[in-house]
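Data file: query-v3.txt. Format and content: compact mmCIF, C-alpha atoms.
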```
# COMPACT_ATOMS: atom_id res chain seq x y z
CA MET A 11 0.00 0.00 0.00
CA LYS A 12 2.89 2.27 0.84
CA LEU A 13 4.23 1.66 -2.62
CA ILE A 14 0.92 2.60 -4.25
CA ALA A 15 0.80 5.79 -2.25
CA PHE A 16 4.38 6.51 -3.24
CA LEU A 17 3.67 5.91 -6.90
CA LEU A 18 0.61 8.14 -6.80
CA LEU A 19 2.58 10.88 -5.08
CA ILE A 20 5.32 10.72 -7.72
CA PHE A 21 2.73 10.79 -10.49
CA ASN A 22 0.98 13.83 -9.00
CA LEU A 23 4.20 15.72 -8.50
CA THR A 24 5.41 15.16 -12.06
CA CYS A 25 2.30 15.29 -14.24
CA THR A 26 -0.15 17.72 -12.62
CA PRO A 27 1.96 20.92 -12.77
CA ALA A 28 2.72 20.24 -16.42
CA LEU A 29 -0.95 19.85 -17.22
CA ALA A 30 -1.85 22.95 -15.22
CA VAL A 31 0.75 25.08 -16.97
CA ASP A 32 -0.38 23.87 -20.37
CA ALA A 33 -4.04 24.53 -19.59
CA THR A 34 -3.20 28.01 -18.23
CA THR A 35 -1.25 28.87 -21.39
CA SER A 36 -4.12 27.78 -23.64
CA SER A 37 -6.59 29.74 -21.55
CA ASP A 38 -4.39 32.87 -21.71
CA LYS A 39 -4.11 32.54 -25.47
CA GLN A 40 -7.87 32.25 -25.76
CA LYS A 41 -8.34 35.33 -23.57
CA ASP A 42 -5.85 37.26 -25.69
CA ILE A 43 -7.68 36.36 -28.89
CA ILE A 44 -11.07 37.20 -27.38
CA ASN A 45 -9.72 40.55 -26.15
CA LEU A 46 -8.26 41.27 -29.59
CA VAL A 47 -11.55 40.44 -31.32
CA GLN A 48 -13.51 42.55 -28.82
CA GLN A 49 -11.14 45.46 -29.34
CA LYS A 50 -11.48 45.22 -33.14
CA VAL A 51 -15.27 45.04 -32.95
CA LYS A 52 -15.30 48.04 -30.58
CA GLU A 53 -13.15 50.05 -33.01
CA LYS A 54 -15.40 49.25 -35.95
CA LEU A 55 -18.55 50.00 -33.96
CA SER A 56 -17.17 53.34 -32.83
CA LEU A 57 -16.37 54.16 -36.46
CA ILE A 58 -19.96 53.48 -37.44
CA THR A 59 -21.74 55.06 -34.51
CA SER A 60 -19.56 58.03 -33.62
CA PRO A 61 -20.89 61.41 -34.75
CA SER A 62 -19.35 62.68 -37.98
CA THR A 63 -16.69 65.36 -37.82
CA LYS A 64 -17.18 66.38 -41.45
CA PRO A 65 -19.89 68.93 -42.19
CA LYS A 66 -22.86 67.60 -44.12
CA SER A 67 -25.78 69.19 -45.89
CA PHE A 68 -29.37 68.10 -46.47
CA ILE A 69 -31.67 69.68 -49.00
CA GLY A 70 -35.43 69.39 -49.27
CA THR A 71 -38.83 70.91 -48.68
CA ILE A 72 -39.98 71.46 -45.09
CA THR A 73 -42.77 69.00 -44.19
CA THR A 74 -42.96 69.69 -40.42
CA ILE A 75 -41.27 72.27 -38.25
CA ASP A 76 -41.15 72.99 -34.51
CA SER A 77 -38.73 74.63 -32.11
CA THR A 78 -36.54 71.52 -31.82
CA LYS A 79 -36.53 69.96 -35.26
CA ILE A 80 -37.32 70.39 -38.94
CA SER A 81 -38.36 67.49 -41.16
CA ILE A 82 -37.67 67.79 -44.87
CA ASP A 83 -38.46 65.71 -47.93
CA TYR A 84 -36.48 65.45 -51.16
CA GLN A 85 -37.35 62.95 -53.89
CA ASN A 86 -39.50 60.94 -51.45
CA ASN A 87 -36.64 60.72 -48.99
CA SER A 88 -37.34 62.34 -45.60
CA LYS A 89 -34.70 63.60 -43.22
CA THR A 90 -34.58 65.26 -39.81
CA ILE A 91 -32.63 68.33 -38.78
CA LEU A 92 -32.26 69.10 -35.09
CA ILE A 93 -32.18 72.80 -34.27
CA ASP A 94 -31.38 74.85 -31.19
CA ASP A 95 -30.74 78.47 -30.15
CA ASP A 96 -27.34 78.45 -31.86
CA THR A 97 -28.72 77.53 -35.29
CA ALA A 98 -28.25 80.36 -37.81
CA TYR A 99 -30.91 81.16 -40.43
CA VAL A 100 -30.42 82.76 -43.86
CA ASP A 101 -33.19 83.87 -46.22
CA ILE A 102 -33.38 83.31 -49.97
CA LYS A 103 -31.51 86.59 -50.66
CA ARG A 104 -28.67 85.46 -48.39
CA ASN A 105 -29.63 87.86 -45.59
CA LYS A 106 -29.72 86.92 -41.94
CA SER A 107 -33.13 85.53 -41.01
CA LYS A 108 -34.89 83.87 -38.08
CA PHE A 109 -36.64 80.62 -37.25
CA ALA A 110 -40.12 82.18 -37.43
CA ASN A 111 -39.65 82.94 -41.14
CA PHE A 112 -39.37 79.26 -42.07
CA LYS A 113 -42.67 77.53 -42.87
CA VAL A 114 -43.87 74.20 -44.24
CA GLY A 115 -43.32 74.08 -48.03
CA GLN A 116 -40.13 76.18 -47.96
CA GLY A 117 -37.10 74.67 -49.70
CA ILE A 118 -33.95 74.67 -47.56
CA ILE A 119 -30.33 73.63 -47.38
CA ALA A 120 -29.41 72.58 -43.87
CA MET A 121 -25.75 72.40 -42.96
CA GLY A 122 -24.35 70.82 -39.81
CA TYR A 123 -23.00 67.58 -38.42
CA LEU A 124 -24.56 64.12 -38.37
CA ASN A 125 -25.28 62.51 -35.02
CA GLU A 126 -25.29 58.77 -34.30
CA ASN A 127 -28.95 58.53 -35.43
CA ASN A 128 -28.14 60.05 -38.83
CA GLN A 129 -29.97 63.22 -37.88
CA LEU A 130 -28.32 66.51 -38.74
CA ASN A 131 -27.43 68.83 -35.89
CA GLY A 132 -28.33 71.91 -37.88
CA LYS A 133 -25.89 74.80 -37.60
CA ARG A 134 -27.04 76.82 -40.60
CA ILE A 135 -30.40 76.74 -42.39
CA VAL A 136 -30.58 78.52 -45.75
CA ALA A 137 -33.82 79.14 -47.69
CA VAL A 138 -33.54 78.17 -51.36
CA ASP A 139 -35.64 77.78 -54.48
CA LEU A 140 -35.19 74.08 -55.13
CA LYS A 141 -36.36 74.35 -58.74
CA SER A 142 -33.54 76.72 -59.59
CA LEU A 143 -31.00 74.20 -58.28
CA GLU A 144 -32.20 71.40 -60.55
CA ASN A 145 -29.63 69.82 -62.81
CA LYS A 146 -31.53 69.48 -66.09
CA ASN A 147 -28.60 68.06 -68.03
CA GLU A 148 -29.07 64.71 -69.72
CA VAL A 149 -26.46 62.55 -71.34
CA VAL A 150 -27.39 60.61 -74.45
CA ILE A 151 -25.28 58.25 -76.53
CA GLY A 152 -26.66 57.57 -79.99
CA LYS A 153 -26.28 57.61 -83.76
CA VAL A 154 -26.80 60.69 -85.89
CA VAL A 155 -29.70 59.85 -88.23
CA ASP A 156 -30.46 63.28 -89.67
CA ILE A 157 -28.72 66.63 -90.06
CA SER A 158 -30.78 69.69 -90.96
CA LYS A 159 -29.48 71.73 -93.89
CA SER A 160 -31.46 74.83 -92.94
CA SER A 161 -30.76 75.00 -89.19
CA PRO A 162 -28.13 73.74 -86.77
CA ILE A 163 -30.19 70.75 -85.68
CA ILE A 164 -29.25 67.08 -85.68
CA VAL A 165 -31.43 64.08 -84.89
CA VAL A 166 -30.02 61.33 -82.71
CA ILE A 167 -31.44 57.87 -81.92
CA PRO A 168 -30.14 56.45 -78.62
CA ILE A 169 -28.12 53.25 -79.01
CA LYS A 170 -30.03 51.47 -76.24
CA ASN A 171 -33.50 52.83 -77.05
CA LYS A 172 -34.16 52.84 -80.74
CA ASN A 173 -37.83 53.71 -80.22
CA SER A 174 -37.04 57.28 -79.20
CA GLN A 175 -35.16 60.11 -80.82
CA TYR A 176 -33.69 63.45 -79.79
CA GLN A 177 -33.85 66.60 -81.87
CA ILE A 178 -30.68 68.40 -80.78
CA LYS A 179 -29.90 72.03 -81.47
CA THR A 180 -26.36 73.38 -81.47
CA ASP A 181 -24.96 76.90 -81.57
CA THR A 182 -21.57 78.60 -81.49
CA LYS A 183 -21.31 77.94 -77.75
CA THR A 184 -21.70 74.18 -78.20
CA GLU A 185 -18.40 72.50 -77.52
CA ILE A 186 -17.72 69.75 -80.06
CA LEU A 187 -14.92 67.32 -79.27
CA ASP A 188 -13.48 64.12 -80.68
CA LYS A 189 -12.97 61.08 -78.46
CA SER A 190 -9.60 62.33 -77.27
CA ASN A 191 -11.19 65.61 -76.09
CA THR A 192 -9.76 67.67 -78.96
CA LYS A 193 -11.99 70.42 -80.34
CA ILE A 194 -13.46 69.74 -83.77
CA ALA A 195 -15.92 71.65 -85.97
CA SER A 196 -19.68 71.08 -86.23
CA LYS A 197 -19.20 70.03 -89.88
CA ASP A 198 -17.19 67.09 -88.58
CA ILE A 199 -20.41 65.48 -87.43
CA VAL A 200 -21.83 63.37 -90.26
CA LEU A 201 -24.68 60.90 -90.66
CA GLY A 202 -24.27 57.52 -89.01
CA GLN A 203 -21.66 58.60 -86.50
CA LYS A 204 -21.91 57.70 -82.82
CA ILE A 205 -21.93 60.67 -80.48
CA ILE A 206 -22.35 61.47 -76.80
CA ALA A 207 -24.40 64.63 -76.32
CA ILE A 208 -24.86 66.59 -73.11
CA ILE A 209 -28.25 68.18 -73.57
CA GLN A 210 -31.02 69.97 -71.78
CA PRO A 211 -34.56 70.84 -72.85
CA ASP A 212 -34.69 73.91 -75.10
CA VAL A 213 -36.84 76.51 -73.40
CA LYS A 214 -37.84 78.08 -76.72
CA ILE A 215 -38.66 75.08 -78.95
CA ALA A 216 -40.81 72.18 -77.73
CA LYS A 217 -39.43 68.65 -78.02
CA THR A 218 -36.01 70.04 -78.85
CA PHE A 219 -32.88 69.89 -76.75
CA TYR A 220 -29.91 72.20 -76.66
CA ALA A 221 -26.47 70.57 -76.68
CA SER A 222 -23.83 72.21 -74.53
CA LYS A 223 -21.28 69.57 -75.49
CA ILE A 224 -20.99 66.83 -78.11
CA ILE A 225 -18.31 64.14 -78.18
CA ASN A 226 -17.96 62.54 -81.59
CA LEU A 227 -16.84 58.98 -80.86
CA ASP A 228 -16.45 58.09 -84.57
CA PHE A 229 -14.50 61.11 -85.68
CA ALA A 230 -11.17 60.15 -87.17
CA THR A 231 -8.58 62.79 -87.94
CA SER A 232 -8.27 62.71 -91.73
CA SER A 233 -4.90 61.56 -93.02
CA PRO A 234 -3.15 63.64 -95.69
CA SER A 235 -4.71 62.90 -99.06
CA ALA A 236 -2.61 61.22 -101.68
CA THR A 237 -1.29 63.43 -104.46
CA PRO A 238 -2.66 62.32 -107.83
CA THR A 239 -0.03 61.16 -110.24
CA PRO A 240 0.08 63.51 -113.25
CA LYS A 241 -0.92 61.88 -116.48
CA ASN A 242 1.54 62.00 -119.26
CA MET B 5 5.25 -8.59 -1.39
CA ILE B 6 5.66 -9.45 -5.08
CA LYS B 7 1.91 -9.71 -5.38
CA GLU B 8 1.48 -6.23 -3.88
CA LEU B 9 4.16 -4.79 -6.14
CA PHE B 10 2.55 -6.30 -9.23
CA LEU B 11 -0.85 -4.94 -8.18
CA ALA B 12 0.64 -1.49 -7.58
CA ILE B 13 2.23 -1.44 -11.03
CA ILE B 14 -1.06 -2.42 -12.73
CA LEU B 15 -3.03 0.14 -10.73
CA GLY B 16 -0.43 2.81 -11.46
CA ALA B 17 -0.53 1.99 -15.16
CA ILE B 18 -4.36 2.12 -15.28
CA LEU B 19 -4.44 5.38 -13.37
CA GLY B 20 -1.69 6.86 -15.51
CA LEU B 21 -3.42 5.87 -18.73
CA GLY B 22 -6.71 7.33 -17.46
CA VAL B 23 -5.14 10.66 -16.56
CA MET B 24 -3.22 10.85 -19.84
CA GLY B 25 -6.39 10.03 -21.76
CA SER B 26 -8.25 12.81 -19.97
CA TYR B 27 -5.36 15.20 -20.63
CA LEU B 28 -5.30 14.39 -24.35
CA ALA B 29 -9.08 14.77 -24.63
CA LEU B 30 -8.96 18.15 -22.84
CA ASN B 31 -6.05 19.32 -24.98
CA LYS B 32 -7.91 18.36 -28.17
CA LYS B 33 -10.97 20.36 -27.03
CA VAL B 34 -8.85 23.45 -26.25
CA ASN B 35 -7.15 23.21 -29.65
CA THR B 36 -10.52 22.91 -31.38
CA ASN B 37 -11.73 26.06 -29.59
CA GLN B 38 -8.54 27.89 -30.53
CA ASN B 39 -8.98 26.89 -34.15
CA LYS B 40 -12.55 28.15 -34.10
CA THR B 41 -11.45 31.52 -32.72
CA ALA B 42 -8.71 31.74 -35.33
CA GLU B 43 -11.32 31.18 -38.02
CA ILE B 44 -13.48 34.05 -36.72
CA THR B 45 -10.72 36.63 -36.66
CA PRO B 46 -10.12 36.96 -40.41
CA ILE B 47 -13.86 37.13 -41.08
CA ILE B 48 -14.12 40.14 -38.83
CA SER B 49 -11.09 41.81 -40.37
CA ASP B 50 -12.45 41.19 -43.87
CA THR B 51 -15.86 42.74 -43.31
CA PRO B 52 -15.26 46.48 -42.71
CA ILE B 53 -15.93 47.27 -46.35
CA SER B 54 -19.54 46.26 -45.91
CA ILE B 55 -20.06 47.86 -42.49
CA THR B 56 -17.98 51.03 -42.81
CA PRO B 57 -19.80 53.67 -44.87
CA THR B 58 -16.78 54.75 -46.93
CA VAL B 59 -18.63 54.72 -50.23
CA ASN B 60 -21.09 57.54 -50.51
CA ASN B 61 -22.88 56.47 -53.64
CA SER B 62 -22.57 53.52 -55.94
CA ASN B 63 -24.31 51.07 -58.19
CA ASP B 64 -23.09 47.90 -59.84
CA GLN B 65 -21.33 49.80 -62.65
CA LEU B 66 -20.11 52.97 -60.97
CA THR B 67 -18.74 53.88 -57.55
CA ILE B 68 -17.80 57.38 -56.40
CA ASP B 69 -15.18 57.20 -53.68
CA SER B 70 -14.79 60.92 -53.21
CA PRO B 71 -16.35 63.35 -52.43
CA GLU B 72 -18.98 61.79 -50.19
CA ASN B 73 -22.60 62.48 -51.00
CA GLU B 74 -24.05 65.49 -49.07
CA THR B 75 -20.59 66.76 -48.17
CA VAL B 76 -19.97 70.46 -47.49
CA VAL B 77 -16.70 71.71 -48.95
CA SER B 78 -15.01 75.07 -48.61
CA VAL B 79 -13.19 75.01 -51.97
CA SER B 80 -14.67 75.69 -55.40
CA LYS B 81 -12.94 72.78 -57.14
CA VAL B 82 -13.20 69.15 -56.12
CA ASN B 83 -11.78 66.00 -57.63
CA PHE B 84 -14.25 63.24 -58.28
CA THR B 85 -12.55 59.89 -57.87
CA GLY B 86 -13.97 56.43 -58.17
CA ILE B 87 -14.17 53.31 -60.19
CA THR B 88 -16.24 52.15 -63.13
CA LYS B 89 -15.73 49.79 -66.05
CA PRO B 90 -12.34 50.14 -67.79
CA ASN B 91 -12.03 52.74 -70.56
CA SER B 92 -15.48 54.20 -69.95
CA ASN B 93 -16.43 57.74 -70.88
CA LEU B 94 -17.14 59.80 -67.77
CA ILE B 95 -19.41 62.83 -67.90
CA ILE B 96 -19.97 64.93 -64.79
CA THR B 97 -22.52 67.73 -64.97
CA THR B 98 -23.48 70.47 -62.56
CA SER B 99 -26.52 72.63 -63.36
CA THR B 100 -24.34 74.96 -65.47
CA LYS B 101 -21.20 73.08 -66.52
CA SER B 102 -20.02 69.71 -67.74
CA PHE B 103 -16.73 67.89 -67.38
CA THR B 104 -15.62 64.88 -69.39
CA GLY B 105 -12.90 62.28 -69.10
CA LYS B 106 -12.19 58.58 -69.26
CA SER B 107 -11.54 55.80 -66.79
CA ASP B 108 -8.19 54.03 -67.11
CA ASN B 109 -7.53 50.39 -67.95
CA SER B 110 -8.39 49.38 -64.39
CA GLY B 111 -11.59 51.45 -64.37
CA LYS B 112 -10.31 54.17 -62.03
CA PHE B 113 -11.12 57.79 -62.74
CA ASN B 114 -10.21 61.21 -61.36
CA LEU B 115 -11.97 64.27 -62.74
CA ALA B 116 -11.76 67.84 -61.44
CA VAL B 117 -15.11 69.62 -61.17
CA ASP B 118 -15.79 73.34 -60.62
CA LEU B 119 -18.59 73.95 -58.15
CA GLU B 120 -21.19 76.70 -57.99
CA SER B 121 -21.60 78.52 -54.72
CA GLY B 122 -24.22 76.77 -52.59
CA VAL B 123 -25.80 73.43 -53.38
CA ASN B 124 -24.61 71.52 -56.47
CA LEU B 125 -26.78 68.67 -57.73
CA ILE B 126 -24.19 66.72 -59.66
CA LYS B 127 -24.85 63.95 -62.15
CA VAL B 128 -22.03 61.49 -62.73
CA THR B 129 -22.55 59.41 -65.87
CA SER B 130 -20.45 56.50 -67.05
CA ILE B 131 -20.71 54.95 -70.52
CA ASP B 132 -18.72 51.76 -70.99
CA PRO B 133 -17.19 50.57 -74.31
CA ASN B 134 -20.36 48.50 -74.93
CA ASP B 135 -22.46 51.70 -74.66
CA ASN B 136 -24.02 50.70 -71.32
CA GLN B 137 -24.88 53.89 -69.49
CA THR B 138 -25.29 54.44 -65.76
CA GLU B 139 -25.75 57.54 -63.64
CA ILE B 140 -25.40 58.62 -60.04
CA LEU B 141 -26.80 61.82 -58.58
CA THR B 142 -24.81 63.33 -55.75
CA THR B 143 -25.18 66.53 -53.75
CA ILE B 144 -22.16 68.65 -52.83
CA THR B 145 -22.46 72.01 -51.09
CA TYR B 146 -19.80 74.62 -51.58
CA SER B 147 -19.86 77.07 -48.69
CA THR B 148 -17.25 79.17 -46.99
CA ALA B 149 -19.61 80.05 -44.13
CA LYS B 150 -18.58 78.96 -40.66
CA ILE B 151 -20.51 75.85 -39.67
```
Could you spell out this file's structure in structure tokens?
Amino acid sequence: MKLIAFLLLIFNLTCTPALAVDATTSSDKQKDIINLVQQKVKEKLSLITSPSTKPKSFIGTITTIDSTKISIDYQNNSKTILIDDDTAYVDIKRNKSKFANFKVGQGIIAMGYLNENNQLNGKRIVAVDLKSLENKNEVVIGKVVDISKSSPIIVVIPIKNKNSQYQIKTDTKTEILDKSNTKIASKDIVLGQKIIAIIQPDVKIAKTFYASKIINLDFATSSPSATPTPKN
Amino acid sequence: MIKELFLAIILGAILGLGVMGSYLALNKKVNTNQNKTAEITPIISDTPISITPTVNNSNDQLTIDSPENETVVSVSKVNFTGITKPNSNLIITTSTKSFTGKSDNSGKFNLAVDLESGVNLIKVTSIDPNDNQTEILTTITYSTAKI
């Protein structure tokens, strides 16, 4: 029995500390990894949720307004601007204004900083005419199918929508370029060529667009013509 | 005495084998857990693109990296950078001006744009070599007022 006890004692003294040390090391490694993962997740979360330090602006039409917040809508997208006593107001003529002058239906630009709920802490509210800010430019890529001989008008059929056509007016202010952005003349546009036109509706002629810029994708700089061999 | 010694050796062996078996089983479990943790780590480090809002506006054909949508800037000229299909024509229009350029062989583009004072509703259009056209509308405000 003494021998058994002795053997057990020897076994305990030699094996147990080794096992304990190994288990402790594994546990420490696990803790380190967990801590590292937690730290990384925390960093990413703080990036997402922390208030922005860059100024942002919202535009839209006022739908509701009270002393603490303004709700606006732009293209069916509603946003909230938080306001306080420090918020500055500017009227449509860029003069200093006040909160009481802003009503439902007024177009505004609100500038400030986003909070964690994606609401804007409004620092400056400016009244604007949203219609005047509209970008009416359209870009169309198509083939020239007709060129008027009496007026500077070309007709273009879009490459991807052959059921429609654009009647495009040009003038001396229209910038005409080749595909390498070099200026070319309006006479360099010929039937069948592929062009990109930057257009907007002509205010004077219905169903006609005015081109501010045309890029002729098929224009090739003409090579020097061959000199005819004189006949003897 | 010999009988007792023999018995002690057998008991010692059984006990030793039992303890070693337990140790090996425990060690295997710890290693499995460590491996699982090691698998999680790269997944977390690979995901910030989808959870960090670095891209202000994009679709499947065009991404604008800078400037961010709804940004307020205090300079009248900004560089639009981003990525689209290689060798695409890029057209950027404000309400009064247009700017054109091309993406490089890797699809990257960088185009300087002059801003109007106040809000600029900017259309960024990309037309790839197969004439596929896509457009993104972004809002940039140019203001020197103190915010």
Between atom CA of Thr100 of chain B and atom CA of Leu187 of chain A, measure the distance and give it in Å to one decimal.
-> 18.4 Å
For Asp69 of chain B, the nearest of the candidates B:Ile131, B:Val123, B:Ile87, B:Ile14, counting only C-alpha atoms =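 Closest to Asp69 of chain B of all the choices is B:Ile87.
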Tell me the residues of chain A close to chain B, meaning within 6 Å using all atoms listed in the file, as a list in words.
->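 Only these qualify: Ile14, Pro65, Lys66, Ser67, Lys133 and Asn145 of chain A.
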For atom CA of Lys106 of chain A and atom CA of Ser80 of chain B, determine how far apart the two atoms are, in Å to one decimal place.
->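 Rounded to one decimal, the two atoms are 23.1 Å apart.
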Suppose you want the space between atom CA of Ile93 of chain A and atom CA of Lys141 of chain A; what is it in Å?
-> 24.9 Å
Spatial sel., origin (-20.2, 57.4, -52.7), limit 10 Å, all atoms listed in the file, listed as an MDAnalysis selection string = chainID B and resid 57:63 66:74 85:86 140:142
Across A:Val51, A:Leu201, A:Val100, A:Ile69, the smallest distance to Asn87 of chain A, with only C-alpha atoms counted, is shown by A:Ile69
Counting only C-alpha atoms, closest pick from A:Lys214, A:Lys189, A:Lys159, A:Arg134 relative to Ser107 of chain A is A:Arg134
Selection near segment 108-110 of chain B, 10 Å with all atoms listed in the file, sequence-local residues under 5 positions removed, as a PyMOL selection string = chain B and resi 87-93
Please provide the set of residues having any atom within 10 Å of Tyr84 of chain A, restricted to only C-alpha atoms, with same-chain residues fewer than 3 positions apart removed, written as number ranges by chain.
-> A: 68-72, 87-89, 117, 140
In file coordinates, which residues lie within 6 Å of (-25.3, 70.4, -85.3) using all atoms listed in the file, given as a short mmCIF file (atom, residue, chain, number, x, y, z; two decimals) with C-alpha atoms, in the frame of the given file?
```cif
data_model
loop_
_atom_site.label_atom_id
_atom_site.label_comp_id
_atom_site.auth_asym_id
_atom_site.auth_seq_id
_atom_site.Cartn_x
_atom_site.Cartn_y
_atom_site.Cartn_z
CA PRO A 162 -28.13 73.74 -86.77
CA ILE A 163 -30.19 70.75 -85.68
CA ILE A 164 -29.25 67.08 -85.68
CA THR A 180 -26.36 73.38 -81.47
CA SER A 196 -19.68 71.08 -86.23
#
```
Of the residues B:Phe84, B:Leu94, B:Pro133, B:Glu120, which is the one nearest to Ser107 of chain B, using only C-alpha atoms?
->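 The closest residue to Ser107 of chain B is B:Leu94.
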Judged by all atoms listed in the file, the minimum distance to Ser78 of chain B among A:Ala137, A:Tyr176, A:Lys64, A:Lys113 is found for A:Lys64
Output file: segment 204-216 of chain A, N, CA, C and O atoms, as an mmCIF file, in the first residue's frame:
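File written: result34.cif
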```
data_model
loop_
_atom_site.group_PDB
_atom_site.id
_atom_site.type_symbol
_atom_site.label_atom_id
_atom_site.label_comp_id
_atom_site.auth_asym_id
_atom_site.auth_seq_id
_atom_site.Cartn_x
_atom_site.Cartn_y
_atom_site.Cartn_z
ATOM 1 N N LYS A 204 -21.464 57.875 -84.212
ATOM 2 C CA LYS A 204 -21.908 57.699 -82.819
ATOM 3 C C LYS A 204 -21.411 58.884 -81.996
ATOM 4 O O LYS A 204 -20.221 59.207 -82.055
ATOM 5 N N ILE A 205 -22.322 59.506 -81.280
ATOM 6 C CA ILE A 205 -21.933 60.674 -80.475
ATOM 7 C C ILE A 205 -22.468 60.541 -79.041
ATOM 8 O O ILE A 205 -23.423 59.801 -78.790
ATOM 9 N N ILE A 206 -21.811 61.260 -78.150
ATOM 10 C CA ILE A 206 -22.351 61.467 -76.799
ATOM 11 C C ILE A 206 -22.728 62.942 -76.747
ATOM 12 O O ILE A 206 -21.888 63.806 -77.042
ATOM 13 N N ALA A 207 -23.971 63.222 -76.413
ATOM 14 C CA ALA A 207 -24.402 64.631 -76.322
ATOM 15 C C ALA A 207 -24.855 64.945 -74.906
ATOM 16 O O ALA A 207 -25.575 64.160 -74.285
ATOM 17 N N ILE A 208 -24.395 66.093 -74.416
ATOM 18 C CA ILE A 208 -24.861 66.594 -73.111
ATOM 19 C C ILE A 208 -25.899 67.654 -73.434
ATOM 20 O O ILE A 208 -25.580 68.695 -74.022
ATOM 21 N N ILE A 209 -27.131 67.341 -73.094
ATOM 22 C CA ILE A 209 -28.245 68.179 -73.571
ATOM 23 C C ILE A 209 -29.146 68.599 -72.414
ATOM 24 O O ILE A 209 -29.121 67.992 -71.343
ATOM 25 N N GLN A 210 -29.928 69.634 -72.691
ATOM 26 C CA GLN A 210 -31.022 69.969 -71.779
ATOM 27 C C GLN A 210 -32.186 70.540 -72.587
ATOM 28 O O GLN A 210 -31.976 71.036 -73.706
ATOM 29 N N PRO A 211 -33.406 70.407 -72.065
ATOM 30 C CA PRO A 211 -34.562 70.842 -72.846
ATOM 31 C C PRO A 211 -34.422 72.294 -73.287
ATOM 32 O O PRO A 211 -34.013 73.156 -72.502
ATOM 33 N N ASP A 212 -34.730 72.544 -74.577
ATOM 34 C CA ASP A 212 -34.688 73.913 -75.095
ATOM 35 C C ASP A 212 -35.922 74.646 -74.603
ATOM 36 O O ASP A 212 -37.044 74.155 -74.782
ATOM 37 N N VAL A 213 -35.700 75.780 -73.967
ATOM 38 C CA VAL A 213 -36.841 76.515 -73.398
ATOM 39 C C VAL A 213 -37.702 77.160 -74.481
ATOM 40 O O VAL A 213 -38.876 77.446 -74.258
ATOM 41 N N LYS A 214 -37.109 77.372 -75.660
ATOM 42 C CA LYS A 214 -37.839 78.081 -76.722
ATOM 43 C C LYS A 214 -38.597 77.136 -77.657
ATOM 44 O O LYS A 214 -39.685 77.449 -78.124
ATOM 45 N N ILE A 215 -38.016 75.991 -77.985
ATOM 46 C CA ILE A 215 -38.656 75.083 -78.953
ATOM 47 C C ILE A 215 -39.041 73.771 -78.250
ATOM 48 O O ILE A 215 -38.187 73.108 -77.649
ATOM 49 N N ALA A 216 -40.333 73.415 -78.368
ATOM 50 C CA ALA A 216 -40.813 72.185 -77.734
ATOM 51 C C ALA A 216 -40.170 70.959 -78.377
ATOM 52 O O ALA A 216 -39.872 70.952 -79.580
#
```
